Amino acid sequence: MPAHAGAGRVLTGVYWATFALVAAMVAIPVVALVYGSFRTSAPGLPGEWTLRNYAGLASGGVLSSMLTTLVIGLFTSVISIVTGAAIALILHRTDFRYTRIVMPLIGLTFYFPSFILAMAWIIVGAPGGIYNTIVDDMLGMPWLRADIYTAIGIVFVMVLHQVPFVYLTMRGPIIGMDPIYEEAASAAGAKPHHVLLRVTLPLLGYSLISSFILTFVMTIEQFAIPALLGIPGQVTVLATQLYLLVRFSPTDYGLAAAIGVALSLITGAAIWAQRRVTTAGRLTTVTGKAGRMRDLPLGRWRWAANLLCFGFVFLGLVMPMVILLYTSVLKWFTVNPLEGIYTLRNYAFIWESGSTMGSFTNTLIVSGAGAAIGVGLGLLCCYFTLRLRPAGHRTLDFLASLPFGVPGVVLGLGLLWAYAYLPVPLYGTLALMVIAFVTRFLPYATETIGGQMVQIDRSLEEAAWVNGATRLQGVSRILLPLVSPSLQGAYFLLFMAFFREISSAILIYSVNTSVISISIWSFFEQANWGLASALAVVATVIIFVAMALILRLAPTARRG
C-alpha cells in the first residue's frame with residue numbers, strides 16, 4: 001500500500017504540474033493579446049486603456065480584409081474538398097492503375113512547406129516570371145499573361161497546399177467504409193456512378209463537412225501564402241494585415257491585437273462547429289462484416305482521373321521543386337535555360353555564411369529539443385485525460401486542444417505582448433521560440449498519441465496492478481511500450497512542423513534566433529531568388545528525409 005500511495009501522490013503532483021504548465025502556455029499569450037487590444041501603446045511602453053482598437057475593426061480597411069479572408073477561405077475550402085475527395089475516391093474506390101505511384105507523391109506534397117510552394121509559384125507566375133516571359137516575349141501572346149499576385153492566385157496556391165490535407169483526412173473514412181451499403185445498391189441495379197453519388201458520398205457526408213471546416217480554419221489562419229502573394233498585389237487578409245500593422249510604419253499594435261482576437265474568435269467558432277459535427281453527426285459506416293466493394297471501373301473517364309491525379313502532383317510538387325532547383329543554380333535569373341550561367345555559389349554561400357549556418361543550428365535545436373518537449377507534454381496530457389481522468393481533466397483536454405484554433409501569427413503577437421511585460425528574460429531567445437512552437441503544435445501531439453492510447457484496453461494495466469505493480473510501473477512497463485509507435489510518429493511530425501514553421505516565428509525572432517524558414521523568407525524579400533531557392537531546396541530535402549523516417553520507424557504514421 002505505501003508504494004501505491006506514493007505512486008499516487010507522484011502522479012497527482014505530475015498532473016497538477018502538467019495542468020499548470022499547459023494553462024500557462026495557452027493562457028499567457030491569449031490574455032496578453034486581449035490586454036494589448038485595449039491599450040494605446042506598443043508592448044512594453046506606457047499607454048492608456050481604450051476601446052479605439054475594437055472600434056477600428058469596423059473601419060473600411062479591416063472589414064474589407066475580413067471579407068477577403070472569408071471569401072478566399074470559402075473558395076479555397078470548396079475547391080480543396082472537391083479535389084481532395086475526388087483524388088481519394090479515385091485512388092481507393094476505382095480501378096485506377098497508378099495508386100502506388102500517386103499516393104506517396106501526395107504524401108510528399110503534404111509536407112511541402114507553404115511559403116516554399118508560394119515562392120516557386122511567384123517565380124513562375126509573377127509579372128516578370130517564367131510563364132509571362134514565355135507567353136509574352138517568346139510566343140507573342142500577351143493576352144495569355146497571368147498574375148499570381150491576385151486573390152485568384154492566392155486561392156490557386158492555397159488549394160495546392162490544402163488538397164493533400166483533405167486527401168489524408170478523407171482517405172481513412174473511404175478505406176474503412178463497409179461495402180455492404182454499396183453492394184446492396186449494386187444488387188438493386190444501380191449503376192456505378194449512381195452508387196457513388198447516392199450511397200458513397202452521402203455516407204461520407206459528415207467526414208466531408210468536418211474536413212471542410214478544418215480546411216477553412218487552416219486557410220483563414222494561413223499567413224505565408226497570403227503574405228508572399230497578397231502584399232505585392234495589395235490583397236490583404238486579416239493575418240497579413242496584423243503582420244503589416246506590427247512590422248511596418250505606422251505601426252498600430254493595439255489594432256493588430258484586436259484583429260488577432262477577432263481572427264481567433266472566427267477560427268475558434270469554426271473548430272467548435274467541427275467538433276459538433278464529429279460528435280453529433282456520426283454514421284455507422286464500419287461494421288464487423290469483412291469484405292471490399294469491387295473497384296468502380298473508370299471506363300471512358302480514365303483520362304480525367306489520370307489528368308486530375310498526375311496534374312495535381314505536377315503542379316503541387318514536381319514543377320515547384322524543378323523551378324527551385326533551376327533557380328538555385330543560376331548566377332543570374334533567366335527564363336531560357338540555354339542562356340543561363342550555372343553555378344553552385346548559392347549552395348556554397350549557405351555553408352560559408354555564419355548567419356545562415358546559425359539559422360540551421362537554431363532550427364535543429366528548436367526542432368529537436370522542442371519536439372521532444374512537445375511529445376512529453378502531449379503524452380502526459382493524453383494519459384491524464386484518457387486514462388487517469390482526475391478532477392479537471394476535461395479542462396486540461398480543452399486547454400491542450402485550444403491552440404489549434406489560434407492562428408500562428410496571432411500566437412506570436414500574443415507572446416510579443418506577454419514577454420514585453422513579464423519579468424522573465426525570454427524575449428529574443430530560442431526558449432521563446434520553443435514555447436511558441438510547442439504551444440501551437442501541442443494538439444498535433446495529443447491527437448497522434450491519443451489516437452493510439454484509446455485503442456489500448458485498460459485491462460492490460462489492471463492486470464499489472466493485480467500482480468502488485470504500481471500505477472507508475474504499469475505506465476512504464478505496459479502503456480509506454482504499447483504507445484511507442486505513436487510517440488515516434490508524434491516526434492517526427494512535430495520535428496517537421498517546427499522545422500518549417502514561419503507564422504508564429506515571424507514576429508518574435510531576433511537576429512540571433514533566426515531559423516531556416518525566416519532566412520528563406522528574408523532572402524526572398526530581398527529579391528535574392530537564387531539564395532532563397534537554394535536554402536529552400538536544402539530545407540525541403542531535410543523535411544522529405546524526416547518524412548521517410550516517419551514511414552519507416554513509426555507504423556502509426558502510415559495511416560495518414
# chains A, B, ... in the order shown; residues from 1 in each chain; ligands from 1
call {"tool": "residues_around", "arguments": {"residues": "range 157-170 of chain A", "least_positions_apart": "5", "cutoff": "10 Å", "atoms": "only C-alpha atoms", "output": "count of residues only"}}
result
60
call {"tool": "residues_around", "arguments": {"residues": "range 265-280 of chain A", "least_positions_apart": "5", "cutoff": "6 Å", "atoms": "only C-alpha atoms", "output": "short mmCIF file (atom, residue, chain, number, x, y, z; two decimals) with C-alpha atoms, in the first residue's frame"}}
result
data_model
loop_
_atom_site.label_atom_id
_atom_site.label_comp_id
_atom_site.auth_asym_id
_atom_site.auth_seq_id
_atom_site.Cartn_x
_atom_site.Cartn_y
_atom_site.Cartn_z
CA SER A 210 -15.62 18.03 -40.87
CA ILE A 213 -14.37 23.11 -41.67
CA VAL A 217 -9.72 27.07 -40.44
CA GLY A 405 -7.93 27.47 -33.08
#
call {"tool": "residues_around", "arguments": {"residues": "Pro127 in chain A", "least_positions_apart": "5", "cutoff": "12 Å", "atoms": "only C-alpha atoms", "output": "list in words"}}
result
Trp121, Ile122, Asn132, Thr133, Ile134, Val135, Asp136, Asp137, Pro142, Leu144, Arg145, Ala146, Asp147, Ile148, Tyr149, Thr150, Leu229, Pro232 and Gly233 of chain A
call {"tool": "residues_around", "arguments": {"residues": "range 92-97 of chain A", "least_positions_apart": "2", "cutoff": "8 Å", "atoms": "only C-alpha atoms", "output": "PyMOL selection string"}}
result
chain A and resi 88-90+99+171+174-175+293+295-298+302+305
call {"tool": "write_last_selection", "arguments": {"atoms": "N, CA and C atoms", "output": "short mmCIF file (atom, residue, chain, number, x, y, z; two decimals), in the first residue's frame"}}
result
data_model
loop_
_atom_site.label_atom_id
_atom_site.label_comp_id
_atom_site.auth_asym_id
_atom_site.auth_seq_id
_atom_site.Cartn_x
_atom_site.Cartn_y
_atom_site.Cartn_z
N ALA A 88 -9.02 11.04 -53.46
CA ALA A 88 -9.11 9.92 -52.52
C ALA A 88 -10.04 8.83 -53.06
N LEU A 89 -11.16 9.22 -53.64
CA LEU A 89 -12.09 8.24 -54.22
C LEU A 89 -11.44 7.53 -55.41
N ILE A 90 -10.74 8.27 -56.23
CA ILE A 90 -10.09 7.66 -57.40
C ILE A 90 -9.04 6.64 -56.96
N THR A 99 -2.11 3.89 -58.32
CA THR A 99 -2.28 4.28 -56.92
C THR A 99 -0.97 4.24 -56.15
N ARG A 171 -9.07 9.85 -46.65
CA ARG A 171 -8.57 8.52 -47.02
C ARG A 171 -9.05 7.45 -46.03
N ILE A 174 -12.85 6.62 -46.28
CA ILE A 174 -13.15 5.94 -47.54
C ILE A 174 -12.69 4.49 -47.50
N ILE A 175 -11.47 4.26 -46.99
CA ILE A 175 -10.95 2.90 -46.92
C ILE A 175 -11.73 2.08 -45.89
N MET A 293 -15.72 -3.61 -51.48
CA MET A 293 -16.50 -3.31 -52.67
C MET A 293 -15.63 -3.44 -53.91
N ASP A 295 -13.89 -2.53 -57.11
CA ASP A 295 -13.47 -1.21 -57.58
C ASP A 295 -14.35 -0.74 -58.73
N LEU A 296 -14.75 0.53 -58.63
CA LEU A 296 -15.58 1.09 -59.70
C LEU A 296 -14.75 1.27 -60.96
N PRO A 297 -15.23 0.83 -62.10
CA PRO A 297 -14.47 1.00 -63.35
C PRO A 297 -14.51 2.46 -63.81
N LEU A 298 -13.35 3.00 -64.14
CA LEU A 298 -13.28 4.37 -64.62
C LEU A 298 -13.79 4.50 -66.05
N ARG A 302 -11.21 7.49 -67.52
CA ARG A 302 -9.87 7.20 -67.03
C ARG A 302 -8.91 8.35 -67.33
N ALA A 305 -9.32 11.00 -64.68
CA ALA A 305 -8.72 10.60 -63.41
C ALA A 305 -7.20 10.75 -63.47
#
call {"tool": "residues_around", "arguments": {"residues": "Val410 in chain A", "least_positions_apart": "5", "cutoff": "9 Å", "atoms": "only C-alpha atoms", "output": "list of chain:residue names"}}
result
A:Pro29, A:Val30, A:Leu33, A:Glu221, A:Ala239, A:Leu242, A:Ala256, A:Ala257, A:Ile259, A:Gly260, A:Val261, A:Leu263, A:Ser264, A:Leu415, A:Ser503, A:Ser504
call {"tool": "closest_residue", "arguments": {"among": "A:Gly61, A:Val14, A:Ala151, A:Trp332", "to": "Ala527 in chain A", "atoms": "only C-alpha atoms"}}
result
A:Trp332
call {"tool": "closest_residue", "arguments": {"among": "A:Tyr444, A:Phe314, A:Phe492, A:Trp49", "to": "Cys382 in chain A", "atoms": "only C-alpha atoms"}}
result
A:Tyr444
call {"tool": "residues_around", "arguments": {"residues": "Ala369 in chain A", "least_positions_apart": "2", "cutoff": "12 Å", "atoms": "only C-alpha atoms", "output": "list of chain:residue names"}}
result
A:Thr361, A:Asn362, A:Thr363, A:Leu364, A:Ile365, A:Val366, A:Ser367, A:Ala371, A:Ala372, A:Ile373, A:Gly374, A:Val375, A:Gly376, A:Leu430, A:Ala431, A:Met433, A:Val434, A:Ile435, A:Phe437, A:Val438, A:Tyr491, A:Phe492, A:Leu494, A:Phe495, A:Phe498, A:Phe499
call {"tool": "atom_distance", "arguments": {"atom1": "CA of Pro403 in chain A", "atom2": "CA of Met25 in chain A"}}
result
9.6 Å
call {"tool": "closest_residue", "arguments": {"among": "A:Ile350, A:Val235, A:Ala55, A:Leu379", "to": "Phe38 in chain A", "atoms": "only C-alpha atoms"}}
result
A:Ala55
call {"tool": "closest_residue", "arguments": {"among": "A:Leu426, A:Val102, A:Val31, A:Thr40", "to": "Gly311 in chain A", "atoms": "only C-alpha atoms"}}
result
A:Val102
call {"tool": "closest_residue", "arguments": {"among": "A:Ala418, A:Val538, A:Leu480, A:Met453", "to": "Met357 in chain A", "atoms": "only C-alpha atoms"}}
result
A:Val538
